[in-house]
file final.tsv (TSV, C-alpha atoms)
chain	number	residue	atom	x	y	z
A	475	MET	CA	-58.70	-107.04	56.90
A	476	ALA	CA	-55.55	-108.71	58.04
A	477	SER	CA	-55.91	-112.44	58.40
A	478	ALA	CA	-54.36	-114.73	60.96
A	479	GLU	CA	-51.01	-116.16	60.03
A	480	VAL	CA	-51.48	-119.64	58.65
A	481	ALA	CA	-48.54	-121.96	58.53
A	482	THR	CA	-48.02	-124.02	55.41
A	483	GLU	CA	-47.86	-127.75	55.88
A	484	PRO	CA	-44.31	-128.90	55.27
A	485	ALA	CA	-43.63	-131.17	52.35
A	486	ALA	CA	-43.51	-134.85	53.13
A	487	THR	CA	-40.07	-136.27	53.52
A	488	GLU	CA	-38.69	-139.75	53.51
A	489	GLU	CA	-36.08	-138.79	56.06
A	490	ALA	CA	-37.06	-139.86	59.56
A	491	THR	CA	-35.06	-139.88	62.71
A	492	ASP	CA	-34.29	-143.17	64.37
A	493	ASP	CA	-36.24	-141.97	67.38
A	494	VAL	CA	-39.47	-141.65	65.38
A	495	VAL	CA	-39.01	-145.01	63.66
A	496	ILE	CA	-38.37	-146.77	66.96
A	497	THR	CA	-41.28	-145.02	68.69
A	498	VAL	CA	-43.75	-145.80	65.92
A	499	ASP	CA	-42.59	-149.42	65.75
A	500	VAL	CA	-43.15	-149.85	69.47
A	501	ILE	CA	-46.55	-148.17	69.26
A	502	THR	CA	-47.62	-150.38	66.37
A	503	ALA	CA	-46.64	-153.49	68.27
A	504	GLU	CA	-48.52	-152.33	71.36
A	505	ALA	CA	-51.60	-151.59	69.27
A	506	GLY	CA	-51.70	-155.22	68.19
A	507	GLY	CA	-51.49	-154.62	64.44
A	508	ALA	CA	-55.06	-155.54	63.49
A	509	ALA	CA	-56.63	-154.00	66.61
A	510	SER	CA	-59.80	-151.95	66.30
A	511	ALA	CA	-59.69	-148.26	65.40
A	512	VAL	CA	-60.63	-147.36	68.95
A	513	ALA	CA	-57.80	-149.41	70.41
A	514	ALA	CA	-55.34	-147.96	67.89
A	515	ALA	CA	-56.28	-144.33	68.53
A	516	PRO	CA	-53.75	-143.78	71.34
A	517	ALA	CA	-51.07	-145.30	69.12
A	518	LEU	CA	-51.89	-142.93	66.29
A	519	ALA	CA	-51.84	-139.99	68.67
A	520	ALA	CA	-48.48	-141.09	70.04
A	521	ALA	CA	-47.05	-141.48	66.54
A	522	GLY	CA	-48.07	-137.94	65.64
A	523	ALA	CA	-46.74	-136.56	68.89
A	524	ALA	CA	-43.47	-138.44	68.52
A	525	ALA	CA	-43.03	-137.13	64.98
A	526	ALA	CA	-43.59	-133.52	66.07
A	527	VAL	CA	-41.25	-133.85	69.04
A	528	ALA	CA	-38.55	-135.46	66.89
A	529	GLU	CA	-38.82	-132.67	64.31
A	530	ALA	CA	-38.16	-130.04	66.97
A	531	ARG	CA	-35.76	-132.00	69.17
A	532	GLY	CA	-32.74	-130.03	68.03
A	533	ASP	CA	-34.15	-126.84	69.55
A	534	GLY	CA	-33.33	-127.19	73.22
A	535	LEU	CA	-34.06	-130.74	74.33
A	536	ASP	CA	-31.63	-132.52	72.03
A	537	GLY	CA	-30.38	-135.70	73.64
A	538	LEU	CA	-32.76	-135.63	76.60
A	539	ASP	CA	-34.61	-138.76	75.55
A	540	ARG	CA	-36.40	-139.20	78.87
A	541	ASP	CA	-37.79	-135.66	78.67
A	542	LEU	CA	-38.96	-136.26	75.11
A	543	GLU	CA	-40.66	-139.50	76.14
A	544	MET	CA	-42.39	-137.69	79.00
A	545	LEU	CA	-43.69	-135.05	76.59
A	546	VAL	CA	-45.01	-137.62	74.12
A	547	ASP	CA	-46.72	-139.48	76.96
A	548	ALA	CA	-48.28	-136.25	78.29
A	549	LEU	CA	-49.57	-135.34	74.81
A	550	VAL	CA	-51.21	-138.73	74.39
A	551	ARG	CA	-52.78	-138.68	77.85
A	552	ALA	CA	-54.10	-135.17	77.30
A	553	GLU	CA	-55.67	-136.06	73.95
A	554	GLN	CA	-57.23	-139.22	75.36
A	555	GLY	CA	-58.41	-137.46	78.51
A	556	SER	CA	-56.56	-139.91	80.72
A	557	GLY	CA	-54.44	-139.25	83.76
A	558	ALA	CA	-54.89	-136.44	86.26
A	559	ASP	CA	-55.52	-133.04	84.66
A	560	ASP	CA	-53.24	-131.35	87.19
A	561	GLU	CA	-50.40	-133.84	86.68
A	562	LEU	CA	-48.13	-131.43	84.84
A	563	LEU	CA	-44.71	-131.96	83.32
A	564	PRO	CA	-41.58	-130.36	84.76
A	565	HIS	CA	-41.46	-126.63	84.07
A	566	VAL	CA	-38.60	-126.81	81.56
A	567	ILE	CA	-40.43	-129.37	79.41
A	568	VAL	CA	-43.69	-127.41	79.54
A	569	CYS	CA	-41.90	-124.24	78.44
A	570	TRP	CA	-40.05	-126.04	75.63
A	571	PHE	CA	-43.31	-127.55	74.36
A	572	LEU	CA	-45.13	-124.20	74.42
A	573	ASP	CA	-42.25	-122.42	72.70
A	574	HIS	CA	-42.40	-125.01	69.89
A	575	ALA	CA	-46.16	-125.66	69.86
A	576	ARG	CA	-46.49	-124.38	66.28
A	577	ARG	CA	-44.61	-127.47	65.08
A	578	PHE	CA	-47.42	-129.66	66.40
A	579	ARG	CA	-50.02	-128.17	64.02
A	580	TRP	CA	-49.41	-130.80	61.36
A	581	SER	CA	-49.07	-134.09	63.18
A	582	ALA	CA	-50.56	-133.66	66.66
A	583	ALA	CA	-52.74	-130.53	66.74
A	584	HIS	CA	-55.52	-131.99	68.90
A	585	ALA	CA	-53.05	-133.46	71.37
A	586	ALA	CA	-51.18	-130.15	71.55
A	587	LEU	CA	-54.39	-128.20	72.18
A	588	ALA	CA	-55.46	-130.67	74.86
A	589	LEU	CA	-52.13	-130.36	76.67
A	590	MET	CA	-52.23	-126.57	76.41
A	591	GLU	CA	-55.70	-126.61	77.96
A	592	ARG	CA	-54.34	-128.58	80.91
A	593	VAL	CA	-51.47	-126.18	81.39
A	594	ALA	CA	-53.83	-123.20	81.11
A	595	GLU	CA	-55.97	-124.68	83.87
A	596	HIS	CA	-53.27	-125.84	86.27
A	597	GLY	CA	-50.03	-124.06	85.34
A	598	ASP	CA	-48.53	-120.96	86.90
A	599	GLU	CA	-48.83	-117.44	85.47
A	600	GLU	CA	-45.71	-117.73	83.31
A	601	GLN	CA	-46.97	-120.98	81.82
A	602	ARG	CA	-50.44	-119.53	81.22
A	603	ALA	CA	-48.89	-116.58	79.40
A	604	ARG	CA	-46.87	-118.97	77.24
A	605	VAL	CA	-50.04	-120.97	76.50
A	606	ALA	CA	-51.81	-117.82	75.29
A	607	GLU	CA	-48.89	-117.07	72.97
A	608	ALA	CA	-48.78	-120.67	71.75
A	609	LEU	CA	-52.52	-120.77	71.01
A	610	ALA	CA	-52.45	-118.03	68.35
A	611	PRO	CA	-51.14	-120.27	65.51
A	612	PHE	CA	-54.03	-122.68	66.19
A	613	ALA	CA	-56.74	-120.03	65.88
A	614	ASP	CA	-57.62	-121.05	62.33
A	615	LEU	CA	-57.67	-124.78	63.16
A	616	ASP	CA	-60.07	-124.74	66.12
A	617	PRO	CA	-61.15	-121.18	66.98
A	618	GLU	CA	-63.77	-122.24	69.53
A	619	ARG	CA	-61.30	-124.32	71.49
A	620	VAL	CA	-58.68	-121.58	71.34
A	621	GLU	CA	-61.21	-119.03	72.58
A	622	ARG	CA	-62.26	-121.25	75.50
A	623	ALA	CA	-58.64	-121.64	76.58
A	624	LEU	CA	-58.00	-117.90	76.32
A	625	TRP	CA	-61.19	-117.26	78.29
A	626	ARG	CA	-59.92	-119.37	81.18
A	627	ILE	CA	-56.48	-117.76	81.11
A	628	ALA	CA	-57.99	-114.26	81.10
A	629	ASP	CA	-60.13	-115.08	84.12
A	630	ARG	CA	-57.11	-116.25	86.12
A	631	GLY	CA	-55.51	-112.79	85.90
A	632	GLY	CA	-51.87	-111.74	85.79
A	633	ALA	CA	-50.29	-108.92	83.79
A	634	GLY	CA	-48.09	-111.18	81.68
A	635	ALA	CA	-50.90	-113.56	80.86
A	636	GLY	CA	-53.23	-110.65	80.10
A	637	ALA	CA	-50.85	-109.17	77.53
A	638	ALA	CA	-50.47	-112.57	75.85
A	639	VAL	CA	-54.25	-113.09	75.80
A	640	THR	CA	-54.71	-109.67	74.21
A	641	ALA	CA	-52.26	-110.54	71.42
A	642	ALA	CA	-53.95	-113.90	70.82
A	643	LEU	CA	-57.38	-112.27	70.80
A	644	MET	CA	-56.18	-109.92	68.08
A	645	VAL	CA	-55.33	-112.94	65.92
A	646	LEU	CA	-58.63	-114.61	66.75
A	647	LEU	CA	-60.66	-111.48	65.99
A	648	SER	CA	-58.82	-110.86	62.71
A	649	SER	CA	-59.50	-114.38	61.46
A	650	SER	CA	-63.06	-114.72	62.80
A	651	GLU	CA	-66.03	-114.62	60.44
A	652	GLU	CA	-68.19	-113.34	63.31
A	653	PRO	CA	-65.93	-111.12	65.42
A	654	ASP	CA	-68.89	-109.17	66.80
A	655	LEU	CA	-70.27	-112.30	68.45
A	656	LEU	CA	-66.87	-113.07	69.94
A	657	VAL	CA	-66.65	-109.54	71.32
A	658	GLU	CA	-70.16	-109.83	72.81
A	659	ARG	CA	-69.24	-113.05	74.61
A	660	TRP	CA	-66.20	-111.43	76.18
A	661	ILE	CA	-68.05	-108.24	77.09
A	662	ASP	CA	-70.61	-110.42	78.89
A	663	GLY	CA	-67.80	-112.13	80.82
A	664	SER	CA	-65.71	-111.02	83.77
A	665	PRO	CA	-64.23	-107.51	84.16
A	666	ALA	CA	-60.83	-108.90	83.12
A	667	GLN	CA	-62.30	-110.46	79.98
A	668	ARG	CA	-64.09	-107.24	79.05
A	669	GLU	CA	-60.89	-105.26	79.52
A	670	LEU	CA	-58.79	-107.60	77.40
A	671	VAL	CA	-61.19	-107.78	74.46
A	672	GLY	CA	-61.56	-104.01	74.57
A	673	ARG	CA	-57.78	-103.64	74.49
A	674	ALA	CA	-57.54	-106.07	71.55
A	675	ARG	CA	-60.15	-104.10	69.60
A	676	ARG	CA	-58.39	-100.79	70.24
A	677	LEU	CA	-55.04	-102.18	69.13
A	678	LEU	CA	-56.58	-103.59	65.96
A	679	ALA	CA	-58.26	-100.26	65.24
A	680	ALA	CA	-54.94	-98.47	65.75
A	681	LYS	CA	-53.45	-100.76	63.11
A	682	GLY	CA	-56.25	-99.81	60.73
A	683	GLU	CA	-57.89	-103.24	60.70
A	684	VAL	CA	-61.63	-103.38	60.04
A	685	LEU	CA	-63.26	-106.47	61.51
A	686	ALA	CA	-65.81	-108.49	59.56
A	687	GLY	CA	-69.37	-108.80	60.75
call {"tool": "encode", "arguments": {"input": "final.tsv", "output": "structure tokens"}}
result
Amino acid sequence: MASAEVATEPAATEEATDDVVITVDVITAEAGGAASAVAAAPALAAAGAAAAVAEARGDGLDGLDRDLEMLVDALVRAEQGSGADDELLPHVIVCWFLDHARRFRWSAAHAALALMERVAEHGDEEQRARVAEALAPFADLDPERVERALWRIADRGGAGAGAAVTAALMVLLSSSEEPDLLVERWIDGSPAQRELVGRARRLLAAKGEVLAG
């Protein structure tokens, strides 16, 4: 059985961009140093988000500090469940984030998943398709959350989003310890969900993959 692709955590490095250092310093000051763990949680989330954004900043948003700050803020608000769910970022920032979501596995996975859930719920079809593609690398980290997001995207329809959901479902099914239960849930869902899981199973069978369970 083919397994889902699992990224290897990059080795720690002492090199840090000035942007990350400045951001973390500001966050630490705002957290009050000896504040409680609850009060410091947003700061920790912001530090992780800032680190992930800084790592990828050379891939399309280099120099657009305001856009990077907006993304970090959106990641923190999504993880903390604050702000309006439908208060989305500008399209170009959303697309950049989704295209580079894999980089957020190591330092801000929960924040990234939370923001992707918001985009899946309130974004347009192109953004939903990009979310489905971006979710696949997170299938091994939080399969239930990934499945819920794919479920919502599938139910919203759209050819582009459907193709992306099918591809992500193939990853999810390949890595699942109970793929039969996942299939049953989708078969019991909407006509679109039944069609997509059926398509994913046929494509996996064509590749010669035998699912566990």
call {"tool": "residues_around", "arguments": {"input": "final.tsv", "residues": "segment 605-616 of chain A", "least_positions_apart": "5", "cutoff": "10 Å", "atoms": "only C-alpha atoms", "output": "PyMOL selection string"}}
result
chain A and resi 477-481+568-569+571-579+583-584+586-587+589-594+597+599-600+621+623-625+627-628+634-650
call {"tool": "write_last_selection", "arguments": {"input": "final.tsv", "atoms": "C-alpha atoms", "output": "short mmCIF file (atom, residue, chain, number, x, y, z; two decimals), in the coordinates of the input"}}
result
data_model
loop_
_atom_site.label_atom_id
_atom_site.label_comp_id
_atom_site.auth_asym_id
_atom_site.auth_seq_id
_atom_site.Cartn_x
_atom_site.Cartn_y
_atom_site.Cartn_z
CA SER A 477 -55.91 -112.44 58.40
CA ALA A 478 -54.36 -114.73 60.96
CA GLU A 479 -51.01 -116.16 60.03
CA VAL A 480 -51.48 -119.64 58.65
CA ALA A 481 -48.54 -121.96 58.53
CA VAL A 568 -43.69 -127.41 79.54
CA CYS A 569 -41.90 -124.24 78.44
CA PHE A 571 -43.31 -127.55 74.36
CA LEU A 572 -45.13 -124.20 74.42
CA ASP A 573 -42.25 -122.42 72.70
CA HIS A 574 -42.40 -125.01 69.89
CA ALA A 575 -46.16 -125.66 69.86
CA ARG A 576 -46.49 -124.38 66.28
CA ARG A 577 -44.61 -127.47 65.08
CA PHE A 578 -47.42 -129.66 66.40
CA ARG A 579 -50.02 -128.17 64.02
CA ALA A 583 -52.74 -130.53 66.74
CA HIS A 584 -55.52 -131.99 68.90
CA ALA A 586 -51.18 -130.15 71.55
CA LEU A 587 -54.39 -128.20 72.18
CA LEU A 589 -52.13 -130.36 76.67
CA MET A 590 -52.23 -126.57 76.41
CA GLU A 591 -55.70 -126.61 77.96
CA ARG A 592 -54.34 -128.58 80.91
CA VAL A 593 -51.47 -126.18 81.39
CA ALA A 594 -53.83 -123.20 81.11
CA GLY A 597 -50.03 -124.06 85.34
CA GLU A 599 -48.83 -117.44 85.47
CA GLU A 600 -45.71 -117.73 83.31
CA GLU A 621 -61.21 -119.03 72.58
CA ALA A 623 -58.64 -121.64 76.58
CA LEU A 624 -58.00 -117.90 76.32
CA TRP A 625 -61.19 -117.26 78.29
CA ILE A 627 -56.48 -117.76 81.11
CA ALA A 628 -57.99 -114.26 81.10
CA GLY A 634 -48.09 -111.18 81.68
CA ALA A 635 -50.90 -113.56 80.86
CA GLY A 636 -53.23 -110.65 80.10
CA ALA A 637 -50.85 -109.17 77.53
CA ALA A 638 -50.47 -112.57 75.85
CA VAL A 639 -54.25 -113.09 75.80
CA THR A 640 -54.71 -109.67 74.21
CA ALA A 641 -52.26 -110.54 71.42
CA ALA A 642 -53.95 -113.90 70.82
CA LEU A 643 -57.38 -112.27 70.80
CA MET A 644 -56.18 -109.92 68.08
CA VAL A 645 -55.33 -112.94 65.92
CA LEU A 646 -58.63 -114.61 66.75
CA LEU A 647 -60.66 -111.48 65.99
CA SER A 648 -58.82 -110.86 62.71
CA SER A 649 -59.50 -114.38 61.46
CA SER A 650 -63.06 -114.72 62.80
#
call {"tool": "atom_distance", "arguments": {"input": "final.tsv", "atom1": "atom CA of Ala674 of chain A", "atom2": "atom CA of Glu595 of chain A"}}
result
22.4 Å
call {"tool": "atom_distance", "arguments": {"input": "final.tsv", "atom1": "atom CA of Gly682 of chain A", "atom2": "atom CA of Gly632 of chain A"}}
result
28.1 Å
call {"tool": "residues_near_point", "arguments": {"input": "final.tsv", "point": "(-57.3, -132.9, 79.3)", "cutoff": "8 Å", "atoms": "all atoms listed in the file", "output": "compact mmCIF listing (two decimals) with C-alpha atoms, in the frame of the given file"}}
result
# COMPACT_ATOMS: atom_id res chain seq x y z
CA ARG A 551 -52.78 -138.68 77.85
CA ALA A 552 -54.10 -135.17 77.30
CA GLU A 553 -55.67 -136.06 73.95
CA GLN A 554 -57.23 -139.22 75.36
CA GLY A 555 -58.41 -137.46 78.51
CA SER A 556 -56.56 -139.91 80.72
CA ASP A 559 -55.52 -133.04 84.66
CA ALA A 588 -55.46 -130.67 74.86
CA LEU A 589 -52.13 -130.36 76.67
CA GLU A 591 -55.70 -126.61 77.96
CA ARG A 592 -54.34 -128.58 80.91
call {"tool": "atom_distance", "arguments": {"input": "final.tsv", "atom1": "atom CA of Arg602 of chain A", "atom2": "atom CA of Gln667 of chain A"}}
result
15.0 Å
call {"tool": "closest_residue", "arguments": {"input": "final.tsv", "among": "A:Arg626, A:His565, A:Arg673, A:Arg668", "to": "Leu545 of chain A", "atoms": "all atoms listed in the file"}}
result
A:His565
call {"tool": "build_atoms", "arguments": {"input": "final.tsv", "residues": "segment 607-634 of chain A", "atoms": "N, CA and C atoms", "output": "PDB file, keeping the file's coordinate frame"}}
result
ATOM      1  N   GLU A 607     -49.723-117.338  74.149  1.00  0.00           N
ATOM      2  CA  GLU A 607     -48.890-117.070  72.970  1.00  0.00           C
ATOM      3  C   GLU A 607     -48.908-118.260  72.015  1.00  0.00           C
ATOM      4  N   ALA A 608     -48.853-119.469  72.579  1.00  0.00           N
ATOM      5  CA  ALA A 608     -48.780-120.670  71.750  1.00  0.00           C
ATOM      6  C   ALA A 608     -50.097-120.976  71.057  1.00  0.00           C
ATOM      7  N   LEU A 609     -51.209-120.473  71.585  1.00  0.00           N
ATOM      8  CA  LEU A 609     -52.520-120.770  71.010  1.00  0.00           C
ATOM      9  C   LEU A 609     -52.772-120.027  69.697  1.00  0.00           C
ATOM     10  N   ALA A 610     -52.150-118.856  69.522  1.00  0.00           N
ATOM     11  CA  ALA A 610     -52.450-118.030  68.350  1.00  0.00           C
ATOM     12  C   ALA A 610     -52.313-118.773  67.021  1.00  0.00           C
ATOM     13  N   PRO A 611     -51.252-119.569  66.797  1.00  0.00           N
ATOM     14  CA  PRO A 611     -51.140-120.270  65.510  1.00  0.00           C
ATOM     15  C   PRO A 611     -52.209-121.329  65.282  1.00  0.00           C
ATOM     16  N   PHE A 612     -52.980-121.668  66.322  1.00  0.00           N
ATOM     17  CA  PHE A 612     -54.030-122.680  66.190  1.00  0.00           C
ATOM     18  C   PHE A 612     -55.403-122.044  66.003  1.00  0.00           C
ATOM     19  N   ALA A 613     -55.457-120.720  65.942  1.00  0.00           N
ATOM     20  CA  ALA A 613     -56.740-120.030  65.880  1.00  0.00           C
ATOM     21  C   ALA A 613     -57.555-120.421  64.660  1.00  0.00           C
ATOM     22  N   ASP A 614     -56.895-120.681  63.542  1.00  0.00           N
ATOM     23  CA  ASP A 614     -57.620-121.050  62.330  1.00  0.00           C
ATOM     24  C   ASP A 614     -58.030-122.521  62.322  1.00  0.00           C
ATOM     25  N   LEU A 615     -57.364-123.352  63.129  1.00  0.00           N
ATOM     26  CA  LEU A 615     -57.670-124.780  63.160  1.00  0.00           C
ATOM     27  C   LEU A 615     -58.899-125.083  64.014  1.00  0.00           C
ATOM     28  N   ASP A 616     -58.966-124.470  65.192  1.00  0.00           N
ATOM     29  CA  ASP A 616     -60.070-124.740  66.120  1.00  0.00           C
ATOM     30  C   ASP A 616     -60.334-123.471  66.924  1.00  0.00           C
ATOM     31  N   PRO A 617     -60.970-122.472  66.307  1.00  0.00           N
ATOM     32  CA  PRO A 617     -61.150-121.180  66.980  1.00  0.00           C
ATOM     33  C   PRO A 617     -61.959-121.260  68.268  1.00  0.00           C
ATOM     34  N   GLU A 618     -62.954-122.134  68.319  1.00  0.00           N
ATOM     35  CA  GLU A 618     -63.770-122.240  69.530  1.00  0.00           C
ATOM     36  C   GLU A 618     -62.952-122.756  70.702  1.00  0.00           C
ATOM     37  N   ARG A 619     -62.134-123.750  70.430  1.00  0.00           N
ATOM     38  CA  ARG A 619     -61.300-124.320  71.490  1.00  0.00           C
ATOM     39  C   ARG A 619     -60.244-123.328  71.949  1.00  0.00           C
ATOM     40  N   VAL A 620     -59.671-122.604  71.003  1.00  0.00           N
ATOM     41  CA  VAL A 620     -58.680-121.580  71.340  1.00  0.00           C
ATOM     42  C   VAL A 620     -59.328-120.495  72.186  1.00  0.00           C
ATOM     43  N   GLU A 621     -60.518-120.072  71.803  1.00  0.00           N
ATOM     44  CA  GLU A 621     -61.210-119.030  72.580  1.00  0.00           C
ATOM     45  C   GLU A 621     -61.504-119.491  73.997  1.00  0.00           C
ATOM     46  N   ARG A 622     -61.953-120.738  74.153  1.00  0.00           N
ATOM     47  CA  ARG A 622     -62.260-121.250  75.500  1.00  0.00           C
ATOM     48  C   ARG A 622     -61.005-121.235  76.383  1.00  0.00           C
ATOM     49  N   ALA A 623     -59.885-121.630  75.806  1.00  0.00           N
ATOM     50  CA  ALA A 623     -58.640-121.640  76.580  1.00  0.00           C
ATOM     51  C   ALA A 623     -58.229-120.222  76.963  1.00  0.00           C
ATOM     52  N   LEU A 624     -58.333-119.294  76.027  1.00  0.00           N
ATOM     53  CA  LEU A 624     -58.000-117.900  76.320  1.00  0.00           C
ATOM     54  C   LEU A 624     -58.937-117.326  77.378  1.00  0.00           C
ATOM     55  N   TRP A 625     -60.180-117.713  77.317  1.00  0.00           N
ATOM     56  CA  TRP A 625     -61.190-117.260  78.290  1.00  0.00           C
ATOM     57  C   TRP A 625     -60.765-117.651  79.699  1.00  0.00           C
ATOM     58  N   ARG A 626     -60.332-118.900  79.855  1.00  0.00           N
ATOM     59  CA  ARG A 626     -59.920-119.370  81.180  1.00  0.00           C
ATOM     60  C   ARG A 626     -58.655-118.647  81.653  1.00  0.00           C
ATOM     61  N   ILE A 627     -57.719-118.448  80.736  1.00  0.00           N
ATOM     62  CA  ILE A 627     -56.480-117.760  81.110  1.00  0.00           C
ATOM     63  C   ILE A 627     -56.782-116.324  81.533  1.00  0.00           C
ATOM     64  N   ALA A 628     -57.643-115.647  80.789  1.00  0.00           N
ATOM     65  CA  ALA A 628     -57.990-114.260  81.100  1.00  0.00           C
ATOM     66  C   ALA A 628     -58.619-114.159  82.482  1.00  0.00           C
ATOM     67  N   ASP A 629     -59.423-115.134  82.838  1.00  0.00           N
ATOM     68  CA  ASP A 629     -60.130-115.080  84.120  1.00  0.00           C
ATOM     69  C   ASP A 629     -59.214-115.362  85.296  1.00  0.00           C
ATOM     70  N   ARG A 630     -58.045-115.958  85.032  1.00  0.00           N
ATOM     71  CA  ARG A 630     -57.110-116.250  86.120  1.00  0.00           C
ATOM     72  C   ARG A 630     -56.267-115.036  86.482  1.00  0.00           C
ATOM     73  N   GLY A 631     -56.227-114.029  85.607  1.00  0.00           N
ATOM     74  CA  GLY A 631     -55.510-112.790  85.900  1.00  0.00           C
ATOM     75  C   GLY A 631     -54.019-112.902  85.672  1.00  0.00           C
ATOM     76  N   GLY A 632     -53.319-111.806  85.968  1.00  0.00           N
ATOM     77  CA  GLY A 632     -51.870-111.740  85.790  1.00  0.00           C
ATOM     78  C   GLY A 632     -51.529-110.833  84.617  1.00  0.00           C
ATOM     79  N   ALA A 633     -50.626-109.890  84.837  1.00  0.00           N
ATOM     80  CA  ALA A 633     -50.290-108.920  83.790  1.00  0.00           C
ATOM     81  C   ALA A 633     -49.675-109.585  82.564  1.00  0.00           C
ATOM     82  N   GLY A 634     -48.739-110.510  82.800  1.00  0.00           N
ATOM     83  CA  GLY A 634     -48.090-111.180  81.680  1.00  0.00           C
ATOM     84  C   GLY A 634     -49.053-111.999  80.861  1.00  0.00           C
TER      85      GLY A 634
END
